[in-house]
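Read through the structure below, which is laid out as structure tokens, and then see the notes.
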Protein chains: 2
Amino acid sequence: MTDIRVQPLTAAAFAPYGDVLDCKGAPDRIINAGLCGRFHDRAQMDMGDGRAGISLFRSELRALPYQLDLIERHPLGSQAFIPMSMDGFLVVVAGDDLVPQAFVTAPGEGINFHRGTWHGVLTPLAGPGLFAVIDRIGAGANLEEHHFAAPYRIIP
Amino acid sequence: MTDIRVQPLTAAAFAPYGDVLDCKGAPDRIINAGLCGRFHDRAQMDMGDGRAGISLFRSELRALPYQLDLIERHPLGSQAFIPMSMDGFLVVVAGDDLVPQAFVTAPGEGINFHRGTWHGVLTPLAGPGLFAVIDRIGAGANLEEHHFAAPYRIIP
């Protein structure tokens, strides 16, 4: 089995696949009489001919090492995973070559997969496994799956 | 000063103002080989002629009793507050009579204000004050404010 080592999530490393949603750097705007920073419009949302919806996902926790058998993609829209607890989670993505890369988020970070990006299913590593998911609501076949002939093993 | 006592947030009590985003009850779908529940499309998003965007808000914490001087509304779009930590927060809303009501969320709950609903600014009561906000991105004047001649005091 081929091992893949997890990397810390950075905006630069993740840029080919999507957006990191975090509060690094200065806020774009200060609102609410100086009491709140707004980090504005951080996700490249693309819902095609559908619309954006907010769903909640409650997932079983996973652990490393994690066996990766499957990736999927949504050809019709982007998909954001926003953790509702201050816990990191595992993010797997792949380019057109289908070779996976693995990242672990820091607490307080979400991600947005660009439309059509290969990615692993939601894999929380700690906490309640509760996420808000902003993705496309609409008609059409918005799920493609790729099963690896030989699974990968994702390691710390 | 008029006192307003906080209520626990329930979908029924909040229905005139917006949606409670939580994982109560059974999931609408089971996905990811049985390991994840999807609570599907729970927010009445209405972005009018704009589009939905994901921003992050990092806010100073507040405490009860809380003096309420101001409510605001967004006439052009809905706005969701999704906590990124397992902490409750204060939610203030008002109808056309401008009489405020106050709710406190449970951990793991977000809310979505319907388009044009009067509400208080983001008021976390505990935790890092970190939220994902899904609201309208687009041109036009999307903020109206109402300053109370006599402030209210929100109490536990």
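Labels used: A, B, ... for chains in the order of the structure tokens, numbers from 1 for residues in each chain, and numbers from 1 for ligands as shown.
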Which polymer residues have any atom within 12 Å of an atom of Ile31 (chain B), counting only C-alpha atoms, with same-chain residues fewer than 6 positions away left out, as a list of chain:residue names?
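Those residues are A:Phe57, A:Arg58, A:Ser59, A:Glu60, A:Val121, A:Leu122, A:Leu143, B:Gly37, B:Arg38, B:Phe39, B:His40.
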Using only C-alpha atoms, find the residues of chain A whose closest atom to chain B is at most 8 Å away, then write them as a VMD selection string.
chain A and resid 21 to 23 32 35 to 43 45 52 to 60 82 to 86 108 121 130 132 137
Between A:Asp49, A:Asp96, A:Asp69, A:Glu145, smallest distance to Met1 (chain A) by only C-alpha atoms belongs to A:Asp69
Neighbour list for Leu9 (chain B) as a list in words, cut-off 10 Å, only C-alpha atoms, skip fewer than 3 positions in-chain:
Val6, Ala12, Ala13, Phe14, Val20, Leu90, Val91, Ala102, Phe103, Val104, Thr105, Ala106, Glu109 and Ile111 of chain B
Separating CA of Ala139 (chain A) from CA of Gly138 (chain B), to the nearest tenth of an Å, is a gap of 25.1 Å
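Of the listed residues (B:Arg73, B:Gln67, B:Asp97, B:Ala141), B:Gln67 comes nearest to Thr2 (chain B); the distances count only C-alpha atoms.
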List every residue of chain B that DSSP, applied to the backbone, labels as alpha helix (DSSP H), and write the result as number ranges by chain.
B: 11-14
Export N, CA, C and O atoms of the chosen residues as an mmCIF file, in the first residue's frame?
data_model
loop_
_atom_site.group_PDB
_atom_site.id
_atom_site.type_symbol
_atom_site.label_atom_id
_atom_site.label_comp_id
_atom_site.auth_asym_id
_atom_site.auth_seq_id
_atom_site.Cartn_x
_atom_site.Cartn_y
_atom_site.Cartn_z
ATOM 1 N N ALA B 11 -37.056 25.877 16.842
ATOM 2 C CA ALA B 11 -37.434 26.137 15.447
ATOM 3 C C ALA B 11 -38.789 26.824 15.382
ATOM 4 O O ALA B 11 -38.995 27.737 14.564
ATOM 5 N N ALA B 12 -39.716 26.419 16.252
ATOM 6 C CA ALA B 12 -41.066 26.991 16.212
ATOM 7 C C ALA B 12 -41.040 28.469 16.599
ATOM 8 O O ALA B 12 -41.636 29.320 15.921
ATOM 9 N N ALA B 13 -40.351 28.786 17.691
ATOM 10 C CA ALA B 13 -40.319 30.182 18.138
ATOM 11 C C ALA B 13 -39.559 31.068 17.151
ATOM 12 O O ALA B 13 -39.855 32.260 17.009
ATOM 13 N N PHE B 14 -38.593 30.477 16.457
ATOM 14 C CA PHE B 14 -37.745 31.261 15.558
ATOM 15 C C PHE B 14 -38.309 31.347 14.140
ATOM 16 O O PHE B 14 -37.846 32.160 13.334
#
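Candidate residues A:Leu76, A:Ile4, A:Ile71, A:Ala26 were compared for distance to Asn142 (chain A), and the nearest is A:Leu76, using only C-alpha atoms.
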Taking the DSSP assignment computed from this structure's backbone, write out as number ranges by chain all residues of chain A that belong to strand (DSSP E).
A: 2-5, 7-8, 18-21, 29-31, 36-39, 51-59, 66-73, 79-83, 89-94, 100-104, 110-113, 118-119, 123-124, 130-137, 144-155
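For Ala15 (chain B), the non-local neighbours within 10 Å, defined as residues at least 5 positions apart in the same chain or in other chains and counting only C-alpha atoms, are Thr10, Val20, Phe113 and His114 of chain B.
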Just the selected residues (C-alpha atoms), exported as a short mmCIF file (atom, residue, chain, number, x, y, z; two decimals), in the first residue's frame, please.
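The resulting selection31.cif:
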data_model
loop_
_atom_site.label_atom_id
_atom_site.label_comp_id
_atom_site.auth_asym_id
_atom_site.auth_seq_id
_atom_site.Cartn_x
_atom_site.Cartn_y
_atom_site.Cartn_z
CA THR B 10 -36.52 26.49 19.11
CA VAL B 20 -32.49 27.01 13.05
CA PHE B 113 -32.09 35.15 9.22
CA HIS B 114 -34.65 35.41 6.45
#
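Here CA of Ile154 (chain A) stands at a distance of 10.4 Å from CA of Gln7 (chain A).
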Identify, on the basis of only C-alpha atoms, every residue whose closest approach to Thr117 (chain A) does not exceed 8 Å; exclude the query and any residue fewer than 3 positions from it along the same chain; express the result as a PyMOL selection string.
chain A and resi 17-18+73-75+93-95+113-114
